[in-house]
Amino acid sequence: NPLASIRLVVQGLLREIGTGVSDPGKVGQYLGLVDGEIDNCITVTRRLLLLSRQPESRRQLVDVVAAIDDALRLLDYDAQARGVRQEFRPPSSPIHVMADEGEVRMILLNLLQNAHHAMPEGGVVTVRAEVRDNEVTIEVADSGCGIPAEYLEHIFDPFFSRRADEVTGTGLGLTIVRNIVERFGGGIDVDSVVGEGTKFMVRLPLASAATAEAL
């Protein structure tokens, strides 16, 4: 997924350059996103090798809203190409979790790309973030084809892949997402209705105010 994201950004840059009018600020922003995704490539490789173990990740204070903004910007070109409208409904105040920042972004990219794949004819993906009972809940909902009931119980299984756009995937994205979420003391749920869409809900422990002030 990070390599695919890098390719999308490079395609966006090539298109930008091809117009003959390049915005240096925008190009710099794209290159910054590519640099971050290279780090994610390294992380994904490590996770694939250590998926059966419980690797220790470096925990830090992660700004959930900033992570969502970056993920949506990174996939903006892909969304436009697929006819997908991305909507983010941010909370009224900042939200932080104690986790690995690269892995939080990896969770978001996986879920957002899955949402894009579920809407081969275009649609809307909506992202929300809010605090519920000392947990941060991140919702990623799409207006796609939905997941048949017989597939739902298998979507987190390694190597299980049934994409609506008929492209063969690795079937590891959701396995890695659940592995990361559970390692940080959270959980992930999914609601889906065939023909209406799918909603993934990631729950992570809220960073306490004392922790945020200390850092």
# chains A, B, ... in the order shown; residues from 1 in each chain; ligands from 1
$ residues_around --residues "Arg85 of chain A" --least-positions-apart "6" --cutoff "9 Å" --atoms "only C-alpha atoms" --output "ChimeraX atom specification"
/A:76,79,122-126
$ residues_around --residues "Val194 of chain A" --least-positions-apart "2" --cutoff "12 Å" --atoms "only C-alpha atoms" --output "PyMOL selection string"
chain A and resi 118+142-152+164+191-192+196-199
$ atom_distance --atom1 "atom CA of Val84 of chain A" --atom2 "atom CA of Val131 of chain A"
27.0 Å
$ closest_residue --among "A:Arg15, A:Arg203, A:Arg73, A:Lys26" --to "Glu139 of chain A" --atoms "only C-alpha atoms"
A:Arg203
$ select_by_dssp --residues "segment 8-188 of chain A" --states "helix (DSSP H, G or I)" --output "MDAnalysis selection string"
chainID A and resid 8:18 24:50 64:74 76:82 101:117 149:152 173:183
$ select_by_dssp --residues "segment 11-160 of chain A" --states "strand (DSSP E or B)" --output "VMD selection string"
chain A and resid 60 to 63 84 to 89 96 to 99 123 to 132 135 to 142
$ closest_residue --among "A:Ile95, A:Leu75, A:Leu8, A:Leu3" --to "Arg132 of chain A" --atoms "only C-alpha atoms"
A:Ile95
